[in-house]
>>> print(open('coords09.cif').read())   # mmCIF, C-alpha atoms
data_input
#
loop_
_atom_site.group_PDB
_atom_site.id
_atom_site.type_symbol
_atom_site.label_atom_id
_atom_site.label_comp_id
_atom_site.auth_asym_id
_atom_site.auth_seq_id
_atom_site.Cartn_x
_atom_site.Cartn_y
_atom_site.Cartn_z
ATOM 1 C CA MET I 1 37.884 -59.752 -193.065
ATOM 2 C CA SER I 2 37.373 -55.975 -192.926
ATOM 3 C CA GLU I 3 36.878 -54.347 -189.570
ATOM 4 C CA PRO I 4 33.265 -53.211 -189.006
ATOM 5 C CA ARG I 5 34.147 -49.805 -187.602
ATOM 6 C CA LYS I 6 31.125 -47.902 -188.912
ATOM 7 C CA GLN I 7 28.457 -49.089 -186.496
ATOM 8 C CA HIS I 8 24.745 -48.294 -186.620
ATOM 9 C CA TYR I 9 22.740 -47.597 -183.490
ATOM 10 C CA VAL I 10 19.622 -47.915 -185.667
ATOM 11 C CA PRO I 11 19.974 -50.951 -187.970
ATOM 12 C CA GLN I 12 20.347 -50.427 -191.699
ATOM 13 C CA VAL I 13 17.901 -53.288 -192.293
ATOM 14 C CA TYR I 14 15.321 -51.172 -190.475
ATOM 15 C CA LEU I 15 16.132 -47.818 -192.102
ATOM 16 C CA LYS I 16 15.991 -49.321 -195.599
ATOM 17 C CA ASN I 17 12.240 -49.680 -195.154
ATOM 18 C CA PHE I 18 12.020 -45.866 -195.271
ATOM 19 C CA ALA I 19 14.435 -45.456 -198.172
ATOM 20 C CA TYR I 20 14.076 -44.523 -201.810
ATOM 21 C CA GLY I 21 16.338 -45.093 -204.792
ATOM 22 C CA LYS I 22 18.446 -48.045 -205.827
ATOM 23 C CA GLU I 23 18.508 -51.062 -203.563
ATOM 24 C CA LYS I 24 22.318 -51.221 -203.597
ATOM 25 C CA ASN I 25 22.625 -47.605 -202.487
ATOM 26 C CA PRO I 26 19.345 -46.651 -200.793
ATOM 27 C CA LYS I 27 18.862 -43.111 -199.548
ATOM 28 C CA ILE I 28 16.560 -41.415 -197.086
ATOM 29 C CA TYR I 29 15.612 -37.814 -196.492
ATOM 30 C CA VAL I 30 16.925 -36.372 -193.248
ATOM 31 C CA LEU I 31 15.665 -33.541 -191.055
ATOM 32 C CA PRO I 32 17.919 -32.615 -188.110
ATOM 33 C CA LYS I 33 16.083 -31.505 -184.994
ATOM 34 C CA SER I 34 18.455 -28.561 -184.693
ATOM 35 C CA SER I 35 17.606 -27.069 -188.105
ATOM 36 C CA ASN I 36 14.977 -26.892 -190.839
ATOM 37 C CA ARG I 37 17.318 -28.064 -193.583
ATOM 38 C CA ILE I 38 16.155 -31.259 -195.282
ATOM 39 C CA TYR I 39 18.744 -33.220 -197.236
ATOM 40 C CA PRO I 40 19.194 -36.710 -198.738
ATOM 41 C CA ALA I 41 21.663 -39.163 -197.217
ATOM 42 C CA ASN I 42 22.780 -42.734 -197.723
ATOM 43 C CA VAL I 43 21.219 -45.211 -195.333
ATOM 44 C CA SER I 44 24.724 -46.584 -194.770
ATOM 45 C CA ASP I 45 25.784 -43.201 -193.346
ATOM 46 C CA SER I 46 22.710 -42.573 -191.187
ATOM 47 C CA ALA I 47 22.317 -43.267 -187.453
ATOM 48 C CA ALA I 48 25.898 -44.521 -187.368
ATOM 49 C CA GLU I 49 29.083 -43.709 -185.493
ATOM 50 C CA ARG I 50 32.621 -44.980 -185.779
ATOM 51 C CA ASP I 51 33.403 -47.616 -183.124
ATOM 52 C CA PHE I 52 30.156 -46.976 -181.261
ATOM 53 C CA TYR I 53 30.104 -50.570 -179.924
ATOM 54 C CA THR I 54 33.825 -51.352 -180.179
ATOM 55 C CA ILE I 55 35.468 -52.442 -176.919
ATOM 56 C CA GLY I 56 39.193 -52.085 -177.463
ATOM 57 C CA SER I 57 40.131 -53.632 -174.143
ATOM 58 C CA ILE I 58 38.960 -57.181 -174.974
ATOM 59 C CA GLU I 59 40.275 -59.746 -177.448
ATOM 60 C CA ASP I 60 37.302 -59.613 -179.836
ATOM 61 C CA LYS I 61 36.703 -55.878 -179.748
ATOM 62 C CA TYR I 62 33.894 -56.102 -182.331
ATOM 63 C CA VAL I 63 31.958 -58.824 -180.526
ATOM 64 C CA CYS I 64 28.918 -56.604 -179.906
ATOM 65 C CA GLU I 65 28.728 -55.336 -183.481
ATOM 66 C CA ARG I 66 29.087 -58.872 -184.837
ATOM 67 C CA HIS I 67 26.341 -60.114 -182.494
ATOM 68 C CA TYR I 68 23.927 -57.529 -183.878
ATOM 69 C CA ALA I 69 24.910 -58.321 -187.461
ATOM 70 C CA THR I 70 24.706 -62.096 -186.985
ATOM 71 C CA TYR I 71 21.641 -62.564 -184.792
ATOM 72 C CA VAL I 72 19.570 -59.446 -184.080
ATOM 73 C CA GLU I 73 19.437 -57.699 -187.455
ATOM 74 C CA PRO I 74 18.707 -60.763 -189.655
ATOM 75 C CA MET I 75 15.770 -61.573 -187.372
ATOM 76 C CA LEU I 76 14.477 -57.992 -187.656
ATOM 77 C CA SER I 77 14.934 -57.947 -191.432
ATOM 78 C CA THR I 78 12.956 -61.157 -191.919
ATOM 79 C CA LEU I 79 10.249 -60.060 -189.508
ATOM 80 C CA ILE I 80 9.663 -56.667 -191.116
ATOM 81 C CA ARG I 81 9.743 -58.099 -194.641
ATOM 82 C CA THR I 82 7.130 -60.715 -193.695
ATOM 83 C CA ILE I 83 4.838 -58.221 -191.976
ATOM 84 C CA ARG I 84 5.108 -55.710 -194.802
ATOM 85 C CA GLN I 85 4.200 -58.307 -197.397
ATOM 86 C CA ARG I 86 1.219 -59.380 -195.330
ATOM 87 C CA CYS I 87 -0.090 -55.963 -194.270
ATOM 88 C CA GLU I 88 0.601 -53.965 -197.426
ATOM 89 C CA ASN I 89 -1.366 -56.456 -199.508
ATOM 90 C CA VAL I 90 -4.392 -54.591 -200.918
ATOM 91 C CA LEU I 91 -6.617 -57.573 -200.107
ATOM 92 C CA ILE I 92 -5.959 -57.469 -196.356
ATOM 93 C CA GLN I 93 -9.146 -56.901 -194.372
ATOM 94 C CA ASN I 94 -9.490 -54.383 -191.561
ATOM 95 C CA LYS I 95 -9.254 -55.948 -188.061
ATOM 96 C CA ALA I 96 -7.628 -59.099 -189.485
ATOM 97 C CA VAL I 97 -5.029 -60.908 -187.372
ATOM 98 C CA VAL I 98 -1.636 -60.151 -188.917
ATOM 99 C CA LEU I 99 0.825 -61.152 -186.179
ATOM 100 C CA SER I 100 1.503 -64.633 -184.886
ATOM 101 C CA ARG I 101 2.602 -65.039 -181.279
ATOM 102 C CA ASP I 102 6.170 -65.695 -182.415
ATOM 103 C CA GLU I 103 6.114 -62.563 -184.570
ATOM 104 C CA LYS I 104 4.788 -60.544 -181.648
ATOM 105 C CA LEU I 105 7.631 -61.869 -179.530
ATOM 106 C CA GLY I 106 10.073 -60.958 -182.306
ATOM 107 C CA PHE I 107 8.843 -57.370 -182.398
ATOM 108 C CA ALA I 108 9.021 -57.130 -178.600
ATOM 109 C CA LEU I 109 12.624 -58.331 -178.683
ATOM 110 C CA SER I 110 13.496 -55.937 -181.510
ATOM 111 C CA ILE I 111 12.004 -52.985 -179.633
ATOM 112 C CA VAL I 112 13.942 -53.880 -176.484
ATOM 113 C CA PHE I 113 17.224 -54.128 -178.374
ATOM 114 C CA GLN I 114 16.548 -50.795 -180.068
ATOM 115 C CA LEU I 115 15.846 -49.150 -176.731
ATOM 116 C CA LEU I 116 19.033 -50.590 -175.235
ATOM 117 C CA ARG I 117 21.397 -49.951 -178.149
ATOM 118 C CA GLY I 118 20.453 -46.377 -179.072
ATOM 119 C CA LYS I 119 22.667 -43.331 -178.835
ATOM 120 C CA GLN I 120 20.318 -41.534 -176.484
ATOM 121 C CA THR I 121 20.466 -44.539 -174.162
ATOM 122 C CA ARG I 122 24.257 -44.357 -174.224
ATOM 123 C CA GLU I 123 24.150 -40.661 -173.356
ATOM 124 C CA TYR I 124 21.698 -41.310 -170.527
ATOM 125 C CA GLU I 125 23.877 -44.101 -169.135
ATOM 126 C CA GLN I 126 26.917 -41.832 -169.321
ATOM 127 C CA LYS I 127 25.172 -39.203 -167.205
ATOM 128 C CA LEU I 128 24.204 -41.840 -164.647
ATOM 129 C CA TYR I 129 27.758 -43.196 -164.607
ATOM 130 C CA ASN I 130 29.258 -39.749 -164.074
ATOM 131 C CA ARG I 131 26.804 -38.979 -161.289
ATOM 132 C CA LEU I 132 27.113 -42.286 -159.436
ATOM 133 C CA LEU I 133 30.875 -42.869 -159.713
ATOM 134 C CA PRO I 134 31.845 -40.355 -156.979
ATOM 135 C CA LYS I 135 29.250 -41.926 -154.668
ATOM 136 C CA VAL I 136 30.706 -45.386 -155.287
ATOM 137 C CA ALA I 137 34.171 -44.059 -154.491
ATOM 138 C CA ASP I 138 32.915 -42.500 -151.248
ATOM 139 C CA GLN I 139 31.248 -45.783 -150.281
ATOM 140 C CA ALA I 140 34.535 -47.601 -150.869
ATOM 141 C CA ARG I 141 36.353 -45.170 -148.596
ATOM 142 C CA ASP I 142 33.670 -45.505 -145.904
ATOM 143 C CA ARG I 143 33.838 -49.287 -146.026
ATOM 144 C CA PHE I 144 37.570 -49.858 -146.366
ATOM 145 C CA GLY I 145 39.015 -46.693 -144.845
ATOM 146 C CA PRO I 146 41.575 -44.447 -146.521
ATOM 147 C CA LEU I 147 42.620 -45.757 -149.919
ATOM 148 C CA SER I 148 46.198 -45.954 -151.103
ATOM 149 C CA PRO I 149 47.428 -43.495 -153.753
ATOM 150 C CA GLU I 150 47.351 -46.354 -156.264
ATOM 151 C CA GLN I 151 43.744 -47.173 -155.417
ATOM 152 C CA GLU I 152 42.740 -43.520 -155.640
ATOM 153 C CA LYS I 153 44.417 -43.325 -159.033
ATOM 154 C CA GLN I 154 42.489 -46.410 -160.169
ATOM 155 C CA ILE I 155 39.177 -44.873 -159.072
ATOM 156 C CA GLN I 156 40.049 -41.678 -160.910
ATOM 157 C CA SER I 157 40.779 -43.646 -164.079
ATOM 158 C CA PHE I 158 37.243 -45.046 -164.049
ATOM 159 C CA GLY I 159 36.012 -41.533 -164.734
ATOM 160 C CA GLU I 160 38.710 -40.485 -167.160
ATOM 161 C CA GLU I 161 39.115 -43.555 -169.365
ATOM 162 C CA LYS I 162 36.138 -44.153 -171.661
ATOM 163 C CA ARG I 163 36.805 -47.885 -171.948
ATOM 164 C CA TYR I 164 35.526 -48.595 -168.427
ATOM 165 C CA PHE I 165 32.186 -46.958 -169.059
ATOM 166 C CA LYS I 166 31.763 -48.594 -172.471
ATOM 167 C CA GLU I 167 32.469 -52.058 -171.050
ATOM 168 C CA ILE I 168 29.747 -51.548 -168.445
ATOM 169 C CA ALA I 169 27.327 -50.087 -171.016
ATOM 170 C CA MET I 170 27.745 -53.012 -173.403
ATOM 171 C CA GLN I 171 27.399 -55.547 -170.601
ATOM 172 C CA THR I 172 24.096 -53.872 -169.724
ATOM 173 C CA ILE I 173 22.769 -54.233 -173.281
ATOM 174 C CA PHE I 174 23.374 -57.973 -173.383
ATOM 175 C CA ARG I 175 22.328 -58.818 -169.825
ATOM 176 C CA GLN I 176 19.952 -61.703 -170.456
ATOM 177 C CA GLU I 177 17.967 -61.225 -167.262
ATOM 178 C CA SER I 178 17.126 -57.607 -168.162
ATOM 179 C CA ILE I 179 16.270 -58.443 -171.774
ATOM 180 C CA GLU I 180 13.891 -61.217 -170.708
ATOM 181 C CA LYS I 181 12.263 -58.921 -168.157
ATOM 182 C CA PHE I 182 11.628 -56.144 -170.664
ATOM 183 C CA VAL I 183 10.387 -58.531 -173.358
ATOM 184 C CA THR I 184 7.989 -60.166 -170.885
ATOM 185 C CA ILE I 185 6.541 -56.741 -170.056
ATOM 186 C CA LEU I 186 6.141 -55.859 -173.726
ATOM 187 C CA VAL I 187 4.471 -59.063 -174.934
ATOM 188 C CA GLN I 188 1.746 -58.584 -172.319
ATOM 189 C CA ARG I 189 0.691 -55.443 -174.160
ATOM 190 C CA ASP I 190 -1.840 -55.353 -176.978
ATOM 191 C CA PHE I 191 -0.041 -54.930 -180.318
ATOM 192 C CA VAL I 192 -1.903 -53.113 -183.107
ATOM 193 C CA ILE I 193 -0.506 -52.592 -186.608
ATOM 194 C CA TYR I 194 -1.747 -49.356 -188.195
ATOM 195 C CA LYS I 195 -1.804 -49.178 -191.990
ATOM 196 C CA ILE I 196 -2.224 -45.919 -193.911
ATOM 197 C CA VAL I 197 -4.296 -46.022 -197.068
ATOM 198 C CA GLY I 198 -3.722 -42.743 -198.878
ATOM 199 C CA ASP I 199 -1.011 -40.196 -199.544
ATOM 200 C CA TYR I 200 0.312 -39.562 -196.032
ATOM 201 C CA ASN I 201 3.309 -41.407 -194.582
ATOM 202 C CA PHE I 202 4.933 -42.143 -191.247
ATOM 203 C CA VAL I 203 8.459 -40.981 -190.517
ATOM 204 C CA THR I 204 11.090 -42.607 -188.336
ATOM 205 C CA SER I 205 14.200 -41.344 -186.571
ATOM 206 C CA ASP I 206 17.497 -42.094 -184.874
ATOM 207 C CA ASN I 207 15.423 -42.977 -181.791
ATOM 208 C CA PRO I 208 12.469 -44.750 -183.426
ATOM 209 C CA VAL I 209 10.707 -46.231 -180.375
ATOM 210 C CA VAL I 210 8.399 -43.580 -178.900
ATOM 211 C CA LEU I 211 7.177 -43.911 -175.313
ATOM 212 C CA MET I 212 4.397 -41.364 -174.758
ATOM 213 C CA ASP I 213 2.379 -40.459 -171.695
ATOM 214 C CA ILE I 214 -1.310 -40.796 -172.535
ATOM 215 C CA ASP I 215 -2.334 -37.646 -170.628
ATOM 216 C CA SER I 216 0.472 -35.137 -171.228
ATOM 217 C CA HIS I 217 1.724 -36.606 -174.532
ATOM 218 C CA ASP I 218 5.216 -36.154 -173.110
ATOM 219 C CA VAL I 219 7.763 -38.244 -175.050
ATOM 220 C CA THR I 220 10.907 -37.235 -173.169
ATOM 221 C CA PRO I 221 13.233 -40.273 -173.290
ATOM 222 C CA PHE I 222 13.447 -42.278 -170.046
ATOM 223 C CA ARG I 223 10.509 -40.469 -168.466
ATOM 224 C CA ASN I 224 7.787 -43.012 -169.311
ATOM 225 C CA GLY I 225 8.245 -46.618 -168.168
ATOM 226 C CA LEU I 226 7.535 -49.757 -170.183
ATOM 227 C CA ALA I 227 5.340 -51.179 -167.430
ATOM 228 C CA ASN I 228 3.385 -47.979 -166.801
ATOM 229 C CA SER I 229 -0.254 -48.374 -167.836
ATOM 230 C CA LYS I 230 -0.286 -44.748 -169.042
ATOM 231 C CA THR I 231 2.635 -45.273 -171.430
ATOM 232 C CA LEU I 232 1.785 -45.642 -175.115
ATOM 233 C CA ILE I 233 4.495 -47.236 -177.257
ATOM 234 C CA TYR I 234 4.865 -46.620 -180.989
ATOM 235 C CA TYR I 235 7.355 -48.044 -183.479
ATOM 236 C CA PRO I 236 7.187 -47.169 -187.213
ATOM 237 C CA ILE I 237 7.731 -50.198 -189.450
ATOM 238 C CA SER I 238 7.521 -48.553 -192.879
ATOM 239 C CA PRO I 239 6.107 -45.332 -194.367
ATOM 240 C CA LYS I 240 2.682 -46.989 -194.315
ATOM 241 C CA LEU I 241 2.880 -49.167 -191.183
ATOM 242 C CA LEU I 242 3.144 -48.330 -187.487
ATOM 243 C CA LEU I 243 3.166 -50.672 -184.495
ATOM 244 C CA GLY I 244 1.303 -49.516 -181.403
ATOM 245 C CA ALA I 245 1.709 -51.349 -178.078
ATOM 246 C CA TYR I 246 -0.849 -50.671 -175.342
ATOM 247 C CA HIS I 247 -1.098 -51.714 -171.706
ATOM 248 C CA PRO I 248 -3.812 -54.386 -171.316
ATOM 249 C CA ASP I 249 -5.647 -52.251 -168.730
ATOM 250 C CA LEU I 250 -5.920 -49.271 -171.060
ATOM 251 C CA TYR I 251 -9.505 -48.244 -171.825
ATOM 252 C CA PHE I 252 -10.670 -51.012 -169.452
ATOM 253 C CA GLY I 253 -9.095 -53.649 -171.679
ATOM 254 C CA ALA I 254 -11.067 -52.652 -174.778
ATOM 255 C CA LEU I 255 -8.032 -53.023 -177.022
ATOM 256 C CA GLY I 256 -7.571 -56.668 -176.078
ATOM 257 C CA GLN I 257 -9.685 -57.757 -179.021
ATOM 258 C CA MET I 258 -7.310 -55.885 -181.356
ATOM 259 C CA ASP I 259 -4.149 -57.620 -180.143
ATOM 260 C CA CYS I 260 -2.054 -58.709 -183.160
ATOM 261 C CA CYS I 261 -4.597 -57.190 -185.567
ATOM 262 C CA ILE I 262 -4.420 -54.513 -188.258
ATOM 263 C CA GLU I 263 -6.199 -51.176 -188.100
ATOM 264 C CA ILE I 264 -6.557 -49.605 -191.556
ATOM 265 C CA LEU I 265 -6.417 -45.796 -191.540
ATOM 266 C CA ASP I 266 -7.909 -43.546 -194.183
ATOM 267 C CA GLY I 267 -5.053 -41.071 -194.597
ATOM 268 C CA SER I 268 -7.325 -38.120 -195.335
ATOM 269 C CA LYS I 269 -9.513 -38.782 -192.273
ATOM 270 C CA GLU I 270 -6.722 -39.749 -189.867
ATOM 271 C CA LYS I 271 -4.305 -36.988 -190.845
ATOM 272 C CA GLN I 272 -4.127 -35.683 -187.263
ATOM 273 C CA PHE I 273 -3.139 -39.075 -185.812
ATOM 274 C CA ILE I 274 -0.437 -39.496 -188.471
ATOM 275 C CA HIS I 275 0.888 -35.972 -187.985
ATOM 276 C CA THR I 276 0.977 -36.432 -184.202
ATOM 277 C CA GLN I 277 3.025 -39.610 -184.580
ATOM 278 C CA ASN I 278 5.487 -37.848 -186.858
ATOM 279 C CA LYS I 279 5.673 -34.783 -184.639
ATOM 280 C CA LYS I 280 6.438 -36.913 -181.584
ATOM 281 C CA GLN I 281 9.252 -38.638 -183.495
ATOM 282 C CA ARG I 282 10.834 -35.235 -184.011
ATOM 283 C CA GLU I 283 10.348 -34.174 -180.397
ATOM 284 C CA GLN I 284 12.280 -37.116 -178.941
ATOM 285 C CA SER I 285 14.996 -37.556 -181.578
ATOM 286 C CA ASN I 286 17.981 -35.779 -183.075
ATOM 287 C CA TYR I 287 17.432 -36.798 -186.705
ATOM 288 C CA ILE I 288 14.157 -37.611 -188.437
ATOM 289 C CA TYR I 289 14.096 -39.833 -191.532
ATOM 290 C CA ALA I 290 11.493 -40.192 -194.273
ATOM 291 C CA GLN I 291 11.025 -41.660 -197.710
ATOM 292 C CA SER I 292 10.065 -38.303 -199.208
ATOM 293 C CA LYS I 293 11.052 -34.701 -198.720
ATOM 294 C CA GLU I 294 7.384 -33.692 -198.740
ATOM 295 C CA THR I 295 6.689 -35.794 -195.652
ATOM 296 C CA LEU I 296 9.405 -34.036 -193.694
ATOM 297 C CA GLU I 297 8.220 -30.631 -194.872
ATOM 298 C CA THR I 298 4.985 -31.158 -192.913
ATOM 299 C CA LEU I 299 7.114 -31.026 -189.740
ATOM 300 C CA LEU I 300 8.695 -27.643 -190.453
#
>>> encode(input="coords09.cif", output="structure tokens")
Amino acid sequence: MSEPRKQHYVPQVYLKNFAYGKEKNPKIYVLPKSSNRIYPANVSDSAAERDFYTIGSIEDKYVCERHYATYVEPMLSTLIRTIRQRCENVLIQNKAVVLSRDEKLGFALSIVFQLLRGKQTREYEQKLYNRLLPKVADQARDRFGPLSPEQEKQIQSFGEEKRYFKEIAMQTIFRQESIEKFVTILVQRDFVIYKIVGDYNFVTSDNPVVLMDIDSHDVTPFRNGLANSKTLIYYPISPKLLLGAYHPDLYFGALGQMDCCIEILDGSKEKQFIHTQNKKQREQSNYIYAQSKETLETLL
């Protein structure tokens, strides 16, 4: 069995929904945040990094990657395929219920895993680790007194050897208690599926879940909490579909009647909403992905 060393922090089964070209070698258009150069790329090469989840210090060093490939990504693939078939049907009626409770739960779980597994999350955790490690060392000295040279060397290695941080980071991703907590918060929100009818499309990115403050429209990662009533959550599903998740108290609960329903958008009339969604994807990501070059050109 080949070693799965190229590891995606955004699943290929998700990115393929924004791809064009042959199914065996799908491509997407890419716009880096750092430049205005749009170029095509293979889905297999996008949002991926060598050994991103590999833990070399344990017996099954690819256990995390295999878990995603065996359990998480097949569930997401089936879920998105089902919802696309249902919502992209031309006969679907506006305001119709399009998500079952199990499907809503599946999307909540998929969003949580995406938030936990992303590269920006890893970078954020690394900053926290680097900031807190010296404090932990000082607390150890205060509690146990002067440490031996060997113990001091061990503490120093926690900061210098990447394997310690990665072990902690991967344990955090798969902590069942945290996953259940986040999913419980999400499923209490009102889920609305937006469908574009017309020429305009949604984009996605290497950080596809957008958490936006309703007042400031700030989408800085890790600034807006899942449980905050002012946080709007958006997750593109395909070029024509977008999932919105709203706190049940928002607008005095007016969106409760739209939970699990579809909202059909006239692309020409709702151009501003679509453009805002795409613009916010670019603001909080490093790479933006789209099915067409023309869609990305609207963000230049």
>>> residues_near_point(input="coords09.cif", point="(-2.0, -50.2, -190.3)", cutoff="6 Å", atoms="all atoms listed in the file", output="ChimeraX atom specification")
/I:193-196,241,262-264
>>> residues_near_point(input="coords09.cif", point="(17.7, -38.6, -188.6)", cutoff="7 Å", atoms="all atoms listed in the file", output="list of chain:residue names")
I:Val30, I:Leu31, I:Pro32, I:Ser46, I:Ala47, I:Ser205, I:Asp206, I:Asn286, I:Tyr287, I:Ile288, I:Tyr289
>>> atom_distance(input="coords09.cif", atom1="atom CA of Gln120 of chain I", atom2="atom CA of Asp60 of chain I")
25.0 Å
>>> atom_distance(input="coords09.cif", atom1="atom CA of Val43 of chain I", atom2="atom CA of Arg66 of chain I")
18.9 Å
>>> atom_distance(input="coords09.cif", atom1="atom CA of Arg122 of chain I", atom2="atom CA of Glu59 of chain I")
22.4 Å
>>> residues_around(input="coords09.cif", residues="Ala19 of chain I", least_positions_apart="4", cutoff="8 Å", atoms="all atoms listed in the file", output="list in words")
Leu15, Pro26, Lys27, Ile28, Tyr29, Val43, Ala290 and Gln291 of chain I
>>> closest_residue(input="coords09.cif", among="I:His67, I:Ile80, I:Cys87, I:Val10", to="Glu49 of chain I", atoms="all atoms listed in the file")
I:Val10
>>> closest_residue(input="coords09.cif", among="I:Glu283, I:Glu150, I:Glu73, I:Glu270", to="Pro208 of chain I", atoms="only C-alpha atoms")
I:Glu283
>>> residues_around(input="coords09.cif", residues="Phe107 of chain I", least_positions_apart="5", cutoff="10 Å", atoms="all atoms listed in the file", output="list in words")
Met75, Leu76, Leu79, Ile80, Leu99, Arg101, Asp102, Val112, Phe113, Val183, Leu186, Val187, Phe191, Tyr235 and Leu243 of chain I
>>> closest_residue(input="coords09.cif", among="I:Arg84, I:Lys271, I:Lys230, I:Arg189", to="Gly256 of chain I", atoms="all atoms listed in the file")
I:Arg189
>>> closest_residue(input="coords09.cif", among="I:Leu211, I:Cys260, I:Ala48, I:Ile38", to="Thr295 of chain I", atoms="only C-alpha atoms")
I:Ile38
>>> closest_residue(input="coords09.cif", among="I:Asn42, I:Arg5, I:Leu232, I:Lys293", to="Glu23 of chain I", atoms="all atoms listed in the file")
I:Asn42
>>> closest_residue(input="coords09.cif", among="I:Pro40, I:Pro146, I:Gly56, I:Pro248", to="Tyr20 of chain I", atoms="all atoms listed in the file")
I:Pro40
>>> build_atoms(input="coords09.cif", residues="segment 83-97 of chain I", atoms="N, CA, C and O atoms", output="mmCIF file, keeping the file's coordinate frame")
data_model
loop_
_atom_site.group_PDB
_atom_site.id
_atom_site.type_symbol
_atom_site.label_atom_id
_atom_site.label_comp_id
_atom_site.auth_asym_id
_atom_site.auth_seq_id
_atom_site.Cartn_x
_atom_site.Cartn_y
_atom_site.Cartn_z
ATOM 1 N N ILE I 83 5.994 -59.011 -192.389
ATOM 2 C CA ILE I 83 4.838 -58.221 -191.976
ATOM 3 C C ILE I 83 4.450 -57.221 -193.052
ATOM 4 O O ILE I 83 3.256 -56.983 -193.299
ATOM 5 N N ARG I 84 5.426 -56.645 -193.726
ATOM 6 C CA ARG I 84 5.108 -55.710 -194.802
ATOM 7 C C ARG I 84 4.375 -56.413 -195.943
ATOM 8 O O ARG I 84 3.387 -55.890 -196.471
ATOM 9 N N GLN I 85 4.861 -57.570 -196.317
ATOM 10 C CA GLN I 85 4.200 -58.307 -197.397
ATOM 11 C C GLN I 85 2.758 -58.644 -197.022
ATOM 12 O O GLN I 85 1.847 -58.573 -197.858
ATOM 13 N N ARG I 86 2.550 -58.979 -195.784
ATOM 14 C CA ARG I 86 1.219 -59.380 -195.330
ATOM 15 C C ARG I 86 0.284 -58.169 -195.209
ATOM 16 O O ARG I 86 -0.861 -58.196 -195.679
ATOM 17 N N CYS I 87 0.773 -57.110 -194.585
ATOM 18 C CA CYS I 87 -0.090 -55.963 -194.270
ATOM 19 C C CYS I 87 -0.278 -55.003 -195.438
ATOM 20 O O CYS I 87 -1.317 -54.334 -195.535
ATOM 21 N N GLU I 88 0.713 -54.900 -196.314
ATOM 22 C CA GLU I 88 0.601 -53.965 -197.426
ATOM 23 C C GLU I 88 -0.133 -54.578 -198.620
ATOM 24 O O GLU I 88 -0.327 -53.909 -199.634
ATOM 25 N N ASN I 89 -0.536 -55.814 -198.493
ATOM 26 C CA ASN I 89 -1.366 -56.456 -199.508
ATOM 27 C C ASN I 89 -2.719 -55.735 -199.573
ATOM 28 O O ASN I 89 -3.375 -55.523 -198.549
ATOM 29 N N VAL I 90 -3.144 -55.356 -200.769
ATOM 30 C CA VAL I 90 -4.392 -54.591 -200.918
ATOM 31 C C VAL I 90 -5.616 -55.406 -200.521
ATOM 32 O O VAL I 90 -6.695 -54.850 -200.289
ATOM 33 N N LEU I 91 -5.477 -56.718 -200.443
ATOM 34 C CA LEU I 91 -6.617 -57.573 -200.107
ATOM 35 C C LEU I 91 -6.802 -57.768 -198.607
ATOM 36 O O LEU I 91 -7.793 -58.375 -198.181
ATOM 37 N N ILE I 92 -5.862 -57.264 -197.801
ATOM 38 C CA ILE I 92 -5.959 -57.469 -196.356
ATOM 39 C C ILE I 92 -7.211 -56.774 -195.819
ATOM 40 O O ILE I 92 -7.552 -55.658 -196.214
ATOM 41 N N GLN I 93 -7.910 -57.442 -194.935
ATOM 42 C CA GLN I 93 -9.146 -56.901 -194.372
ATOM 43 C C GLN I 93 -8.877 -56.181 -193.054
ATOM 44 O O GLN I 93 -8.027 -56.593 -192.271
ATOM 45 N N ASN I 94 -9.609 -55.113 -192.822
ATOM 46 C CA ASN I 94 -9.490 -54.383 -191.561
ATOM 47 C C ASN I 94 -9.836 -55.302 -190.379
ATOM 48 O O ASN I 94 -10.731 -56.137 -190.476
ATOM 49 N N LYS I 95 -9.099 -55.174 -189.300
ATOM 50 C CA LYS I 95 -9.254 -55.948 -188.061
ATOM 51 C C LYS I 95 -8.731 -57.382 -188.180
ATOM 52 O O LYS I 95 -8.858 -58.163 -187.229
ATOM 53 N N ALA I 96 -8.136 -57.735 -189.313
ATOM 54 C CA ALA I 96 -7.628 -59.099 -189.485
ATOM 55 C C ALA I 96 -6.410 -59.320 -188.593
ATOM 56 O O ALA I 96 -5.637 -58.399 -188.313
ATOM 57 N N VAL I 97 -6.222 -60.552 -188.141
ATOM 58 C CA VAL I 97 -5.029 -60.908 -187.372
ATOM 59 C C VAL I 97 -3.841 -60.968 -188.328
ATOM 60 O O VAL I 97 -3.882 -61.684 -189.333
#
